[in-house]
$ cat entry_7.txt   # compact mmCIF, C-alpha atoms and all ligand atoms
# COMPACT_ATOMS: atom_id res chain seq x y z
CA MET H 1 18.99 -40.17 -36.64
CA LEU H 2 20.81 -37.38 -38.49
CA ASP H 3 20.76 -37.02 -42.26
CA ALA H 4 24.40 -35.89 -42.21
CA LEU H 5 27.19 -35.67 -39.64
CA VAL H 6 30.17 -33.59 -40.73
CA ILE H 7 33.46 -34.01 -38.88
CA GLY H 8 35.51 -30.79 -38.94
CA ALA H 9 34.43 -27.15 -39.18
CA GLY H 10 37.13 -26.07 -41.65
CA PRO H 11 36.04 -24.47 -44.93
CA SER H 12 35.18 -27.77 -46.62
CA GLY H 13 33.20 -29.20 -43.69
CA SER H 14 31.22 -26.05 -43.00
CA ARG H 15 30.49 -25.55 -46.68
CA THR H 16 29.17 -29.14 -46.92
CA ALA H 17 27.03 -28.60 -43.80
CA TRP H 18 25.80 -25.25 -45.11
CA ASN H 19 24.66 -26.83 -48.40
CA LEU H 20 22.94 -29.77 -46.73
CA ALA H 21 21.22 -27.74 -44.01
CA LYS H 22 20.03 -25.26 -46.66
CA ALA H 23 18.53 -28.15 -48.61
CA GLY H 24 16.57 -29.15 -45.49
CA TYR H 25 18.63 -32.11 -44.22
CA SER H 26 19.22 -32.48 -40.48
CA THR H 27 22.94 -31.80 -40.20
CA SER H 28 25.45 -31.63 -37.33
CA ILE H 29 29.05 -30.48 -37.44
CA VAL H 30 31.50 -31.81 -34.87
CA GLU H 31 34.62 -29.67 -34.35
CA GLU H 32 37.30 -30.63 -31.86
CA HIS H 33 38.39 -27.08 -31.08
CA GLU H 34 36.34 -24.76 -28.89
CA ILE H 35 36.65 -21.87 -31.33
CA VAL H 36 36.19 -22.54 -35.04
CA GLY H 37 39.24 -21.45 -37.02
CA GLU H 38 41.64 -21.62 -34.05
CA PRO H 39 44.47 -22.43 -33.97
CA CYS H 40 45.10 -20.99 -37.42
CA GLN H 41 47.08 -23.30 -39.73
CA CYS H 42 47.19 -21.15 -42.84
CA ALA H 43 48.94 -18.24 -44.55
CA GLY H 44 45.56 -16.77 -45.49
CA LEU H 45 46.17 -16.23 -49.20
CA ILE H 46 43.23 -16.88 -51.52
CA THR H 47 42.22 -15.82 -55.01
CA PRO H 48 39.39 -13.32 -55.56
CA ARG H 49 37.64 -16.27 -57.24
CA THR H 50 37.28 -17.93 -53.83
CA PHE H 51 34.94 -15.19 -52.57
CA GLU H 52 33.01 -15.30 -55.85
CA TYR H 53 32.64 -19.05 -55.43
CA LEU H 54 31.53 -18.68 -51.81
CA GLY H 55 29.00 -16.03 -52.82
CA TYR H 56 30.03 -13.42 -50.25
CA ARG H 57 33.13 -11.49 -49.18
CA ARG H 58 35.01 -11.03 -45.93
CA PRO H 59 37.49 -8.29 -44.98
CA VAL H 60 40.79 -8.31 -46.83
CA SER H 61 44.01 -6.90 -45.36
CA GLN H 62 45.93 -6.61 -48.67
CA GLU H 63 45.23 -7.16 -52.35
CA MET H 64 48.19 -8.77 -54.07
CA ASN H 65 49.15 -7.88 -57.61
CA GLY H 66 52.86 -8.66 -57.58
CA ALA H 67 55.42 -11.18 -56.43
CA ARG H 68 59.14 -11.20 -55.76
CA LEU H 69 60.83 -14.52 -56.39
CA TRP H 70 64.09 -15.07 -54.50
CA GLY H 71 66.04 -18.05 -55.87
CA PRO H 72 69.37 -19.77 -55.37
CA LYS H 73 72.65 -18.11 -56.38
CA GLU H 74 71.21 -14.61 -55.91
CA SER H 75 68.66 -15.16 -58.67
CA PHE H 76 65.73 -12.78 -58.36
CA LEU H 77 62.61 -11.74 -60.22
CA ASN H 78 59.97 -9.10 -59.64
CA PHE H 79 56.53 -9.69 -61.16
CA GLN H 80 53.94 -6.94 -61.47
CA ALA H 81 50.46 -7.78 -62.76
CA ASN H 82 47.79 -5.31 -63.84
CA GLU H 83 45.12 -6.92 -61.69
CA THR H 84 44.62 -8.35 -58.22
CA LYS H 85 45.83 -11.94 -58.22
CA ALA H 86 45.37 -12.83 -54.57
CA LEU H 87 43.83 -11.55 -51.34
CA VAL H 88 45.29 -11.67 -47.86
CA ILE H 89 42.53 -12.64 -45.47
CA ASP H 90 41.96 -13.41 -41.82
CA ARG H 91 41.65 -17.18 -42.13
CA PRO H 92 39.96 -17.84 -38.74
CA ASP H 93 37.38 -15.20 -39.70
CA LEU H 94 36.73 -17.01 -42.99
CA ASP H 95 36.24 -20.37 -41.23
CA ARG H 96 33.86 -18.83 -38.71
CA SER H 97 31.87 -17.06 -41.41
CA ILE H 98 31.24 -20.33 -43.31
CA ALA H 99 30.33 -22.17 -40.09
CA GLU H 100 27.90 -19.34 -39.31
CA LYS H 101 26.26 -19.73 -42.73
CA ALA H 102 25.74 -23.42 -41.88
CA THR H 103 24.23 -22.72 -38.45
CA ASP H 104 22.07 -19.93 -39.89
CA CYS H 105 20.58 -22.58 -42.19
CA GLY H 106 19.88 -24.85 -39.25
CA ALA H 107 23.02 -26.98 -38.88
CA ASP H 108 23.92 -27.83 -35.31
CA LEU H 109 27.58 -27.00 -34.51
CA LYS H 110 29.15 -28.97 -31.69
CA SER H 111 32.48 -27.27 -31.05
CA GLY H 112 34.83 -28.71 -28.41
CA HIS H 113 33.73 -32.20 -29.52
CA ARG H 114 36.15 -34.74 -30.99
CA TYR H 115 35.26 -37.59 -33.33
CA LEU H 116 36.79 -40.81 -31.99
CA GLY H 117 35.53 -43.49 -34.35
CA HIS H 118 32.48 -45.07 -35.90
CA ARG H 119 30.70 -48.37 -36.47
CA LYS H 120 27.98 -49.50 -38.85
CA SER H 121 24.39 -49.64 -37.67
CA SER H 122 21.40 -51.17 -39.43
CA ASN H 123 20.34 -47.75 -40.75
CA GLY H 124 23.65 -46.02 -41.25
CA ILE H 125 26.58 -45.16 -39.01
CA ILE H 126 27.05 -44.55 -35.30
CA ALA H 127 29.88 -42.12 -34.54
CA THR H 128 31.49 -41.92 -31.11
CA ILE H 129 32.22 -38.35 -30.05
CA GLN H 130 34.20 -37.11 -27.06
CA SER H 131 32.53 -34.14 -25.37
CA LYS H 132 33.65 -32.36 -22.22
CA SER H 133 31.09 -34.27 -20.20
CA GLY H 134 31.94 -37.69 -21.63
CA LYS H 135 31.41 -39.80 -24.73
CA ILE H 136 28.26 -39.48 -26.80
CA GLU H 137 27.02 -41.40 -29.82
CA LEU H 138 25.42 -39.85 -32.88
CA GLU H 139 23.66 -41.94 -35.51
CA THR H 140 23.66 -40.64 -39.07
CA LYS H 141 22.79 -41.74 -42.57
CA MET H 142 25.90 -40.00 -43.96
CA LEU H 143 29.24 -39.35 -42.26
CA ILE H 144 31.36 -36.69 -43.95
CA GLY H 145 35.07 -36.65 -43.14
CA SER H 146 36.16 -33.02 -43.45
CA ASP H 147 38.71 -33.47 -40.69
CA GLY H 148 41.76 -32.21 -42.50
CA PRO H 149 45.12 -33.65 -43.55
CA ALA H 150 45.34 -36.35 -40.84
CA SER H 151 41.71 -37.43 -41.32
CA ARG H 152 40.66 -40.01 -38.78
CA VAL H 153 37.44 -40.63 -40.67
CA ALA H 154 39.48 -41.59 -43.78
CA ARG H 155 41.65 -43.92 -41.70
CA ASP H 156 38.66 -45.56 -39.95
CA ALA H 157 36.87 -46.02 -43.28
CA GLY H 158 39.94 -47.67 -44.82
CA LEU H 159 40.31 -44.78 -47.27
CA SER H 160 43.82 -43.69 -46.34
CA SER H 161 46.37 -44.22 -49.06
CA LYS H 162 50.05 -43.38 -49.18
CA ARG H 163 50.57 -39.79 -50.26
CA GLU H 164 53.14 -37.03 -50.09
CA VAL H 165 52.74 -34.90 -46.97
CA LEU H 166 54.52 -31.60 -46.48
CA ALA H 167 55.22 -30.16 -43.06
CA ALA H 168 54.76 -26.38 -42.88
CA PHE H 169 56.02 -23.92 -40.32
CA GLY H 170 55.37 -20.20 -40.18
CA ALA H 171 54.75 -17.15 -38.06
CA ASP H 172 53.08 -13.77 -37.90
CA VAL H 173 55.89 -11.24 -37.53
CA GLU H 174 56.34 -7.59 -36.70
CA GLY H 175 59.08 -5.73 -38.57
CA TYR H 176 58.65 -7.51 -41.92
CA GLN H 177 60.08 -5.34 -44.67
CA GLY H 178 58.01 -6.64 -47.55
CA ILE H 179 56.40 -4.47 -50.22
CA ASP H 180 52.70 -3.74 -50.03
CA ASN H 181 50.63 -5.84 -52.44
CA HIS H 182 53.62 -8.14 -53.18
CA VAL H 183 54.14 -11.72 -52.05
CA ASP H 184 57.73 -12.81 -51.43
CA LEU H 185 58.54 -16.36 -52.53
CA PHE H 186 61.74 -18.23 -51.72
CA VAL H 187 62.98 -21.33 -53.53
CA GLY H 188 66.18 -23.37 -53.36
CA SER H 189 67.73 -26.13 -51.30
CA GLU H 190 69.16 -23.86 -48.62
CA LEU H 191 66.01 -22.20 -47.42
CA ALA H 192 63.08 -24.22 -48.66
CA PRO H 193 64.11 -27.58 -50.14
CA ARG H 194 61.48 -29.41 -52.21
CA PHE H 195 58.83 -26.68 -51.90
CA PHE H 196 59.00 -22.96 -51.16
CA GLY H 197 58.94 -20.32 -48.48
CA TRP H 198 56.68 -17.29 -48.39
CA GLY H 199 56.42 -13.80 -46.96
CA ILE H 200 53.10 -11.99 -47.09
CA PRO H 201 52.66 -8.40 -45.91
CA THR H 202 49.57 -7.99 -43.74
CA GLY H 203 49.99 -4.36 -42.69
CA PRO H 204 52.50 -1.47 -42.76
CA ASN H 205 55.02 -3.29 -40.58
CA THR H 206 53.63 -6.80 -40.23
CA GLY H 207 53.66 -10.00 -42.26
CA ARG H 208 53.13 -13.74 -42.39
CA ILE H 209 56.17 -15.77 -43.23
CA GLY H 210 56.69 -19.49 -43.49
CA MET H 211 57.95 -22.44 -45.44
CA ALA H 212 56.99 -26.02 -46.13
CA THR H 213 59.14 -29.00 -46.88
CA VAL H 214 58.98 -32.77 -46.97
CA LEU H 215 59.91 -34.77 -43.89
CA PRO H 216 62.54 -35.86 -42.76
CA ASP H 217 63.69 -32.27 -43.40
CA ARG H 218 62.45 -30.29 -40.44
CA PRO H 219 60.77 -27.05 -41.50
CA LYS H 220 61.51 -25.49 -38.13
CA ASN H 221 65.25 -25.54 -38.79
CA PHE H 222 64.90 -23.96 -42.20
CA PHE H 223 62.47 -21.48 -40.77
CA ARG H 224 65.06 -20.45 -38.18
CA ASP H 225 67.53 -19.83 -41.02
CA TYR H 226 65.12 -17.31 -42.49
CA PHE H 227 66.19 -14.93 -39.78
CA HIS H 228 69.90 -15.40 -40.31
CA LYS H 229 70.79 -16.08 -43.91
CA GLY H 230 69.76 -15.73 -47.51
CA ALA H 231 67.41 -13.27 -49.14
CA PRO H 232 64.70 -13.35 -46.48
CA SER H 233 67.05 -12.06 -43.79
CA LYS H 234 67.11 -8.77 -45.69
CA LEU H 235 63.37 -8.60 -45.25
CA LEU H 236 63.36 -9.80 -41.69
CA GLY H 237 66.20 -7.80 -40.12
CA GLY H 238 65.05 -7.25 -36.54
CA ALA H 239 61.63 -8.83 -37.11
CA LYS H 240 59.86 -10.29 -34.09
CA ILE H 241 57.70 -13.41 -34.05
CA ILE H 242 54.22 -12.69 -32.69
CA ASN H 243 52.50 -15.99 -33.30
CA ARG H 244 53.61 -19.36 -34.66
CA VAL H 245 51.70 -21.43 -37.19
CA SER H 246 52.31 -25.02 -38.24
CA GLY H 247 50.50 -27.78 -40.06
CA LEU H 248 50.55 -30.50 -42.67
CA ILE H 249 49.80 -30.21 -46.37
CA PRO H 250 48.92 -33.52 -48.08
CA PHE H 251 49.07 -33.97 -51.86
CA GLY H 252 47.14 -36.56 -53.83
CA ILE H 253 43.40 -37.09 -54.31
CA ARG H 254 42.19 -40.09 -52.32
CA GLU H 255 40.87 -42.73 -54.69
CA PRO H 256 38.24 -43.56 -53.71
CA SER H 257 37.11 -40.70 -51.50
CA TYR H 258 33.91 -42.51 -50.54
CA ALA H 259 32.70 -45.71 -48.88
CA ASP H 260 29.30 -46.97 -47.73
CA ASN H 261 27.63 -44.00 -45.91
CA ILE H 262 30.89 -41.99 -46.01
CA LEU H 263 32.39 -39.18 -48.11
CA LEU H 264 35.59 -37.19 -47.62
CA THR H 265 36.01 -33.52 -48.50
CA GLY H 266 38.85 -30.97 -48.52
CA ASP H 267 42.30 -31.98 -47.29
CA ALA H 268 40.87 -35.27 -46.05
CA ALA H 269 40.17 -36.07 -49.72
CA GLY H 270 43.53 -34.64 -50.89
CA MET H 271 42.36 -31.37 -52.39
CA ALA H 272 45.48 -29.23 -51.74
CA LYS H 273 47.18 -27.96 -54.89
CA PRO H 274 50.64 -29.50 -55.41
CA THR H 275 51.92 -26.21 -56.85
CA SER H 276 51.02 -23.81 -54.03
CA GLY H 277 49.79 -26.00 -51.15
CA GLY H 278 46.57 -23.97 -51.13
CA GLY H 279 43.47 -25.99 -50.41
CA ILE H 280 40.65 -23.59 -49.50
CA TYR H 281 39.23 -23.07 -52.99
CA SER H 282 39.57 -26.70 -54.10
CA GLY H 283 38.16 -27.84 -50.73
CA LEU H 284 35.03 -25.76 -51.38
CA ILE H 285 34.69 -27.37 -54.81
CA SER H 286 34.86 -30.82 -53.21
CA ALA H 287 32.27 -29.75 -50.60
CA ASP H 288 29.79 -28.75 -53.30
CA ALA H 289 30.35 -31.98 -55.23
CA ALA H 290 29.89 -33.98 -52.00
CA SER H 291 26.66 -32.17 -51.16
CA GLU H 292 25.20 -32.87 -54.60
CA VAL H 293 26.01 -36.57 -54.33
CA ILE H 294 24.62 -36.74 -50.76
CA GLU H 295 21.40 -34.98 -51.77
CA ASN H 296 20.99 -37.46 -54.61
CA ALA H 297 21.61 -40.36 -52.20
CA HIS H 298 18.91 -38.98 -49.86
CA GLN H 299 16.47 -38.72 -52.73
CA LYS H 300 17.10 -42.38 -53.57
CA GLU H 301 17.35 -43.30 -49.88
CA LYS H 302 20.46 -45.28 -50.75
CA PHE H 303 23.84 -44.57 -49.16
CA ASP H 304 25.97 -47.46 -50.41
CA SER H 305 29.30 -46.83 -52.07
CA LYS H 306 27.88 -47.47 -55.55
CA THR H 307 25.32 -44.67 -55.09
CA LEU H 308 28.08 -42.36 -53.79
CA SER H 309 30.61 -43.30 -56.48
CA PRO H 310 29.75 -40.41 -58.88
CA TYR H 311 31.57 -38.23 -56.32
CA GLN H 312 34.97 -39.31 -57.66
CA GLY H 313 33.95 -38.38 -61.20
CA LEU H 314 32.74 -34.96 -60.08
CA LEU H 315 36.05 -34.32 -58.28
CA LYS H 316 37.98 -35.29 -61.41
CA GLU H 317 35.81 -33.17 -63.67
CA ARG H 318 35.79 -30.02 -61.52
CA ILE H 319 39.31 -29.87 -60.09
CA GLY H 320 41.10 -33.18 -60.68
CA GLY H 321 42.53 -32.14 -64.06
CA GLU H 322 44.20 -29.12 -62.54
CA LEU H 323 45.47 -31.10 -59.53
CA SER H 324 46.92 -33.72 -61.82
CA LYS H 325 48.72 -31.09 -63.94
CA GLY H 326 49.93 -29.69 -60.62
CA TYR H 327 51.61 -33.05 -59.83
CA HIS H 328 53.42 -32.95 -63.15
CA LEU H 329 54.65 -29.46 -62.39
CA ARG H 330 55.66 -30.50 -58.89
CA ARG H 331 57.61 -33.50 -60.17
CA ALA H 332 59.33 -31.31 -62.74
CA PHE H 333 60.21 -28.86 -59.95
CA LEU H 334 61.55 -31.68 -57.75
CA SER H 335 63.85 -32.84 -60.55
CA LEU H 336 65.71 -29.50 -60.56
CA ASN H 337 68.91 -28.67 -58.71
CA ASP H 338 69.83 -25.16 -57.56
CA ASP H 339 71.84 -24.35 -60.71
CA GLN H 340 68.90 -25.30 -62.91
CA LEU H 341 66.49 -23.34 -60.71
CA ALA H 342 68.67 -20.24 -61.02
CA GLU H 343 68.85 -20.72 -64.80
CA ILE H 344 65.07 -21.09 -65.02
CA ILE H 345 64.54 -17.94 -62.96
CA SER H 346 66.77 -16.04 -65.36
CA ILE H 347 64.75 -17.37 -68.35
CA LEU H 348 61.49 -16.44 -66.60
CA GLY H 349 62.86 -12.90 -66.46
CA GLU H 350 62.94 -12.57 -70.26
CA PRO H 351 60.36 -9.89 -71.10
CA LYS H 352 57.97 -12.09 -73.12
CA VAL H 353 58.08 -14.91 -70.54
CA LYS H 354 57.67 -12.53 -67.62
CA SER H 355 54.74 -10.82 -69.24
CA ALA H 356 53.09 -14.22 -69.94
CA ILE H 357 53.32 -15.03 -66.23
CA GLU H 358 52.02 -11.61 -65.21
CA LYS H 359 49.00 -12.09 -67.49
CA THR H 360 48.12 -15.72 -66.81
CA GLY H 361 49.51 -16.32 -63.28
CA ASP H 362 46.71 -17.82 -61.21
CA LEU H 363 47.10 -19.44 -57.78
CA ASP H 364 44.18 -21.80 -58.40
CA TYR H 365 45.13 -22.78 -61.94
CA ALA H 366 48.94 -22.77 -62.11
CA SER H 367 48.82 -24.91 -65.25
CA LEU H 368 47.58 -21.89 -67.24
CA ALA H 369 50.79 -19.97 -66.52
CA ALA H 370 52.91 -23.09 -67.12
CA PHE H 371 51.33 -23.50 -70.54
CA SER H 372 51.77 -19.84 -71.50
CA VAL H 373 55.38 -19.83 -70.26
CA LEU H 374 56.28 -22.89 -72.35
CA LYS H 375 54.60 -21.29 -75.33
CA ALA H 376 56.57 -18.07 -74.81
CA GLN H 377 59.86 -19.90 -74.25
CA PRO H 378 59.80 -23.53 -75.53
CA LYS H 379 63.44 -24.09 -74.53
CA LEU H 380 62.24 -24.48 -70.92
CA ILE H 381 60.99 -27.97 -71.85
CA LYS H 382 64.63 -29.16 -71.77
CA PHE H 383 64.54 -29.09 -67.96
CA ALA H 384 61.98 -31.89 -67.60
CA PRO H 385 60.86 -33.05 -71.05
CA LEU H 386 58.56 -35.90 -69.99
CA LEU H 387 57.06 -34.13 -67.01
CA LEU H 388 56.25 -30.94 -68.86
CA LYS H 389 54.79 -32.69 -71.90
CA PRO H 390 51.15 -32.38 -70.70
CA PHE H 391 51.58 -28.61 -71.05
CA ILE H 392 52.58 -28.44 -74.70
C1 LIG H 401 51.05 -23.43 -42.81
C2 LIG H 401 49.95 -23.58 -43.85
C3 LIG H 401 49.64 -22.52 -44.68
C4 LIG H 401 48.60 -22.63 -45.62
N1 LIG H 401 48.30 -21.55 -46.39
C5 LIG H 401 47.26 -21.63 -47.24
C6 LIG H 401 46.86 -20.48 -48.00
O1 LIG H 401 47.46 -19.41 -47.88
N2 LIG H 401 45.80 -20.60 -48.84
C7 LIG H 401 45.11 -21.78 -48.99
O2 LIG H 401 44.16 -21.85 -49.79
N3 LIG H 401 45.48 -22.88 -48.29
C8 LIG H 401 46.51 -22.83 -47.41
N4 LIG H 401 46.85 -23.93 -46.68
C9 LIG H 401 46.08 -25.17 -46.85
C10 LIG H 401 44.71 -25.01 -46.19
O3 LIG H 401 44.88 -24.56 -44.86
C11 LIG H 401 43.94 -26.33 -46.21
O4 LIG H 401 43.95 -26.85 -47.52
C12 LIG H 401 42.49 -26.11 -45.76
O5 LIG H 401 42.45 -25.72 -44.42
C13 LIG H 401 41.69 -27.40 -45.93
O6 LIG H 401 40.40 -27.18 -45.43
P1 LIG H 401 39.59 -28.38 -44.80
O7 LIG H 401 38.27 -27.84 -44.42
O8 LIG H 401 39.65 -29.56 -45.68
O9 LIG H 401 40.42 -28.82 -43.50
P2 LIG H 401 40.85 -27.97 -42.23
O10 LIG H 401 40.80 -26.53 -42.49
O11 LIG H 401 42.14 -28.59 -41.78
O12 LIG H 401 39.72 -28.30 -41.17
C14 LIG H 401 39.65 -29.56 -40.56
C15 LIG H 401 38.91 -29.35 -39.25
O13 LIG H 401 38.65 -30.62 -38.67
C16 LIG H 401 38.88 -30.54 -37.29
N5 LIG H 401 39.16 -31.91 -36.83
C17 LIG H 401 40.22 -32.68 -37.14
N6 LIG H 401 40.11 -33.89 -36.54
C18 LIG H 401 38.95 -33.86 -35.84
C19 LIG H 401 38.30 -34.80 -35.00
N7 LIG H 401 38.80 -36.03 -34.77
N8 LIG H 401 37.13 -34.45 -34.43
C20 LIG H 401 36.58 -33.21 -34.65
N9 LIG H 401 37.17 -32.27 -35.42
C21 LIG H 401 38.35 -32.61 -36.02
C22 LIG H 401 40.05 -29.59 -37.17
O14 LIG H 401 40.11 -29.02 -35.87
C23 LIG H 401 39.74 -28.56 -38.23
O15 LIG H 401 38.97 -27.49 -37.74
C24 LIG H 401 47.89 -23.87 -45.74
C25 LIG H 401 48.22 -24.94 -44.92
C26 LIG H 401 49.24 -24.81 -43.98
C27 LIG H 401 49.55 -26.00 -43.09

$ encode --input "entry_7.txt" --output "structure tokens"
Amino acid sequence: MLDALVIGAGPSGSRTAWNLAKAGYSTSIVEEHEIVGEPCQCAGLITPRTFEYLGYRRPVSQEMNGARLWGPKESFLNFQANETKALVIDRPDLDRSIAEKATDCGADLKSGHRYLGHRKSSNGIIATIQSKSGKIELETKMLIGSDGPASRVARDAGLSSKREVLAAFGADVEGYQGIDNHVDLFVGSELAPRFFGWGIPTGPNTGRIGMATVLPDRPKNFFRDYFHKGAPSKLLGGAKIINRVSGLIPFGIREPSYADNILLTGDAAGMAKPTSGGGIYSGLISADAASEVIENAHQKEKFDSKTLSPYQGLLKERIGGELSKGYHLRRAFLSLNDDQLAEIISILGEPKVKSAIEKTGDLDYASLAAFSVLKAQPKLIKFAPLLLKPFI
């Protein structure tokens, strides 16, 4: 009988397993892919805070201190901060490094194994796992669903609720004409309706580009347009796709994110930020909260949903406030048409507003910049009075 069985060796699953193995609990991680981190479904942009939170660093290919915002009707803005705001990392390397921390502490990693389902047992849960040599069963006191946006654990536990899901499509390209240390962002109905597109330089001539949108719009079609029209084509003239990336980005914390003997972490629990789609940092926060609640349950030897319920409160306290402000910002953004977006971009270019963004812009805490922008230019509230109210 295991103390904990974690499904998924993404950042949130491996961090949970790392914590629990370090605390002395017998822990297994089941990962369906043979190689942790592959295939990559990420643009690999994190804040420096993420490494601080993890407690160690990994190689960085670029430090970002600026952004170019390409909007509808030729609107454009160039931001330049005085400090590093984001790091471009090798995402598969990050995932492997966290999984290694877990195995170094004694967790057992079963890669190439897929979780198929579970049933209750008298002592806990029995999970059915598909291995290359057939089906196996693992009994555990706690099952942790860290199996990403389409979490099967959440579905099997009856924890799936309706939520907004973005489809993302991207590629590593050669011949990207971005600027070192600058992210390119694209907004507007033509190229990236209802979310945004990105271009991230990774080396002298290489970059990661992509966009996400809400189905039924197909991101692939918009992605194709990147090469032919609009601002990005200027950056992509003659660029060649080296490797394609795609995936889903769900928004909305699952409530509850726990059931008897079960907790969800990361994207499975709805940790992605509605402003940027980033979910690595917030997924790590959920992993730490989950581990604390699981350790407490082990101390009490009680794994019922009531004992696990403080998890929801910890999520709210540590990241929920920011995620909820992120929804307000997202809804305000969704209410805008291209003309309004272009007008807003021109207002954001006013020196005092621009400098507020350059100072307070933070990928993990977008609400800080939203607040400082509204303070610098209150007339922006006219674009979505009710939705932006939490920021004033
Ligand atoms: C195109 C794209 C770009 C992104 N860019 C960024 C970015 O730049 N920065 C950022 O912070 N976030 C980004 N994100 C979001 C980020 O990738 C996720 O929020 C993050 O990966 C969530 O981590 P996780 O551990 O919860 O889940 P995941 O990283 O999705 O890990 C889940 C793991 O579970 C495994 N799994 C799933 N089902 C099973 C099963 N049945 N059995 C066994 N294993 C299973 C999967 O193989 C996977 O390894 C991006 C997302 C997309 C789609």

$ residues_around --input "entry_7.txt" --residues "H:Leu54" --least-positions-apart "6" --cutoff "9 Å" --atoms "all atoms listed in the file" --output "list of chain:residue names"
H:Arg15, H:Ile98, H:Tyr281, H:Leu284

$ residues_near_point --input "entry_7.txt" --point "(47.4, -6.7, -63.4)" --cutoff "10 Å" --atoms "all atoms listed in the file" --output "list in words"
Met64, Asn65, Gly66, Phe79, Gln80, Ala81, Asn82, Glu83, Thr84, Lys85, Glu358, Lys359, Thr360 and Gly361 of chain H

$ closest_residue --input "entry_7.txt" --among "H:Ile357, H:Ile347, H:Ser291, H:Glu174" --to "H:Lys379" --atoms "all atoms listed in the file"
H:Ile347

$ closest_residue --input "entry_7.txt" --among "H:Lys375, H:Arg163, H:Lys220, H:Lys240" --to "ligand LIG 401 (chain H)" --atoms "only C-alpha atoms and all ligand atoms"
H:Lys220

$ atom_distance --input "entry_7.txt" --atom1 "atom CA of H:Asp267" --atom2 "atom CA of H:Pro216"
21.1 Å

$ residues_near_ligand --input "entry_7.txt" --ligand "ligand LIG 401 (chain H)" --cutoff "7 Å" --atoms "all atoms listed in the file" --output "JSON, numbers by chain"
{"H": [7, 8, 9, 10, 11, 12, 13, 30, 31, 32, 33, 36, 37, 41, 42, 43, 44, 45, 46, 113, 114, 115, 116, 146, 147, 148, 149, 151, 152, 168, 169, 170, 210, 245, 246, 247, 248, 249, 265, 266, 267, 268, 271, 272, 277, 278, 279, 280, 281, 283]}

$ residues_near_point --input "entry_7.txt" --point "(33.8, -15.8, -45.3)" --cutoff "10 Å" --atoms "all atoms listed in the file" --output "list in words"
Pro11, Thr50, Phe51, Leu54, Gly55, Tyr56, Arg57, Arg58, Pro59, Ile89, Asp90, Arg91, Pro92, Asp93, Leu94, Asp95, Arg96, Ser97, Ile98, Ala99, Glu100 and Lys101 of chain H

$ closest_residue --input "entry_7.txt" --among "H:Leu87, H:Val60, H:Ile253, H:Leu5" --to "H:Thr140" --atoms "only C-alpha atoms"
H:Leu5

$ atom_distance --input "entry_7.txt" --atom1 "atom CA of H:Val6" --atom2 "atom CA of H:Leu315"
18.5 Å

$ atom_distance --input "entry_7.txt" --atom1 "atom CA of H:Ser131" --atom2 "atom CA of H:Ser111"
8.9 Å

$ closest_residue --input "entry_7.txt" --among "H:Met142, H:Ala376, H:Gly252, H:Ser14" --to "H:Val293" --atoms "all atoms listed in the file"
H:Met142

$ closest_residue --input "entry_7.txt" --among "H:Gly326, H:Val183, H:Leu143, H:Asp217" --to "H:Asp304" --atoms "all atoms listed in the file"
H:Leu143

$ closest_residue --input "entry_7.txt" --among "H:Ala212, H:Leu264, H:Ala239, H:Leu77" --to "H:Ser276" --atoms "only C-alpha atoms"
H:Ala212

$ axis_aligned_box --input "entry_7.txt" --around "stretch 343-354 of chain H" --padding-each-side "3 Å" --output "AutoDock Vina command-line options"
--center_x 63.3 --center_y -15.5 --center_z -68.0 --size_x 17.2 --size_y 17.2 --size_z 16.2

$ closest_atom_pairs --input "entry_7.txt" --of "stretch 36-137 of chain H" --to "stretch 18-23 of chain H" --cutoff "7 Å" --atoms "only C-alpha atoms" --output "CSV"
residue,atom,partner,partner_atom,distance
H:Lys101,CA,H:Trp18,CA,6.0
H:Ala102,CA,H:Trp18,CA,3.7
H:Cys105,CA,H:Lys22,CA,5.2
H:Gly106,CA,H:Ala21,CA,5.7
H:Ala107,CA,H:Ala21,CA,5.5

$ residues_around --input "entry_7.txt" --residues "H:Asp172" --least-positions-apart "3" --cutoff "10 Å" --atoms "all atoms listed in the file" --output "count of residues only"
18
